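Okay, coords_9.pdb now, which holds PDB, C-alpha atoms:
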ATOM      1  CA  MET A   1       0.000   0.000   0.000
ATOM      2  CA  ILE A   2       2.763   2.445   0.918
ATOM      3  CA  LYS A   3       4.712   1.523  -2.238
ATOM      4  CA  ASP A   4       1.719   2.384  -4.394
ATOM      5  CA  THR A   5       1.338   5.745  -2.703
ATOM      6  CA  ILE A   6       5.009   6.579  -3.152
ATOM      7  CA  THR A   7       4.904   5.475  -6.787
ATOM      8  CA  ILE A   8       1.870   7.624  -7.535
ATOM      9  CA  PHE A   9       3.502  10.571  -5.766
ATOM     10  CA  LEU A  10       6.708  10.152  -7.793
ATOM     11  CA  ILE A  11       4.820   9.944 -11.077
ATOM     12  CA  PHE A  12       2.710  12.980 -10.193
ATOM     13  CA  SER A  13       5.786  14.959  -9.151
ATOM     14  CA  TYR A  14       7.505  13.931 -12.386
ATOM     15  CA  PHE A  15       4.658  15.392 -14.455
ATOM     16  CA  ILE A  16       4.806  18.614 -12.429
ATOM     17  CA  PHE A  17       8.581  18.737 -12.963
ATOM     18  CA  PHE A  18       8.077  18.171 -16.695
ATOM     19  CA  VAL A  19       5.670  21.105 -17.020
ATOM     20  CA  VAL A  20       7.959  23.391 -15.015
ATOM     21  CA  TRP A  21      10.946  22.226 -17.047
ATOM     22  CA  LEU A  22       9.150  22.961 -20.333
ATOM     23  CA  ILE A  23       8.284  26.490 -19.196
ATOM     24  CA  TRP A  24      11.823  27.119 -17.948
ATOM     25  CA  PHE A  25      13.371  25.672 -21.108
ATOM     26  CA  HIS A  26      11.140  27.848 -23.306
ATOM     27  CA  ARG A  27      12.068  30.979 -21.344
ATOM     28  CA  SER A  28      15.756  30.175 -21.483
ATOM     29  CA  LEU A  29      15.565  29.743 -25.266
ATOM     30  CA  LYS A  30      14.165  33.245 -25.617
ATOM     31  CA  ASN A  31      17.489  34.510 -24.319
ATOM     32  CA  LYS A  32      19.709  34.644 -27.403
ATOM     33  CA  THR A  33      23.047  34.234 -25.609
ATOM     34  CA  LYS A  34      24.818  30.892 -25.202
ATOM     35  CA  LYS A  35      22.099  28.663 -26.666
ATOM     36  CA  LYS A  36      24.476  25.723 -26.963
ATOM     37  CA  ASN A  37      25.000  25.624 -23.197
ATOM     38  CA  VAL A  38      21.267  26.012 -22.591
ATOM     39  CA  TYR A  39      20.508  22.961 -24.706
ATOM     40  CA  LEU A  40      23.256  20.925 -23.079
ATOM     41  CA  TYR A  41      22.395  21.682 -19.458
ATOM     42  CA  ASN A  42      18.638  21.491 -19.860
ATOM     43  CA  ILE A  43      18.588  18.217 -21.763
ATOM     44  CA  LEU A  44      21.226  16.658 -19.522
ATOM     45  CA  GLY A  45      19.320  17.670 -16.385
ATOM     46  CA  PHE A  46      16.073  16.333 -17.795
ATOM     47  CA  ILE A  47      17.644  12.993 -18.730
ATOM     48  CA  VAL A  48      19.267  12.558 -15.305
ATOM     49  CA  PHE A  49      16.045  13.396 -13.465
ATOM     50  CA  THR A  50      14.017  11.063 -15.708
ATOM     51  CA  TYR A  51      16.495   8.232 -15.154
ATOM     52  CA  LEU A  52      16.401   8.788 -11.389
ATOM     53  CA  ILE A  53      12.597   8.682 -11.209
ATOM     54  CA  SER A  54      12.468   5.647 -13.511
ATOM     55  CA  PHE A  55      15.031   3.831 -11.382
ATOM     56  CA  LEU A  56      13.119   4.585  -8.194
ATOM     57  CA  VAL A  57       9.790   3.453  -9.584
ATOM     58  CA  LEU A  58      10.918   0.395 -11.549
ATOM     59  CA  LYS A  59      13.721  -1.051  -9.432
ATOM     60  CA  ILE A  60      13.258   0.020  -5.835
ATOM     61  CA  LEU A  61       9.498   0.293  -5.475
ATOM     62  CA  SER A  62       8.495  -2.769  -7.495
TER      63      SER A  62
END

Structure encoded using structure tokens:
Amino acid sequence: MIKDTITIFLIFSYFIFFVVWLIWFHRSLKNKTKKKNVYLYNILGFIVFTYLISFLVLKILS
């Protein structure tokens, strides 16, 4: 029961993070300076966070 609650919370928080990340990524792209670094850091951060949540849900909580 507690595993299900934690899993649902992690998935819900991931969707919230995704929406916030999209808004932040869009705003950072409006800034014309250093776009290469913006792409690198934003995509890398998103991939690491997605891997972390996937690992928690699929390996630890199952």

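CA of Thr7 in chain A to CA of Val19 in chain A spans 18.7 Å [interatomic distance, one decimal].
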
Next item on the list: Could you tell me which of A:Phe55, A:Phe18, A:Phe9, A:Phe25 comes closest to Leu40 in chain A if we count only C-alpha atoms?
Entry: A:Phe25

Next item on the list: Would you translate the PyMOL selection byres ((chain A and resi 47-53) around 12) into the concrete set of residues it matches in this file, as a list in words?
Entry: Ile6, Thr7, Ile8, Phe9, Leu10, Ile11, Phe12, Ser13, Tyr14, Phe15, Phe17, Phe18, Trp21, Tyr39, Leu40, Tyr41, Asn42, Ile43, Leu44, Gly45, Phe46, Ser54, Phe55, Leu56, Val57, Leu58, Lys59, Ile60 and Leu61 of chain A

Notebook entry, point to check: Which value, in Å to one decimal, gives the distance between CA of Lys3 in chain A and CA of Ile16 in chain A?
Noted result: 19.9 Å
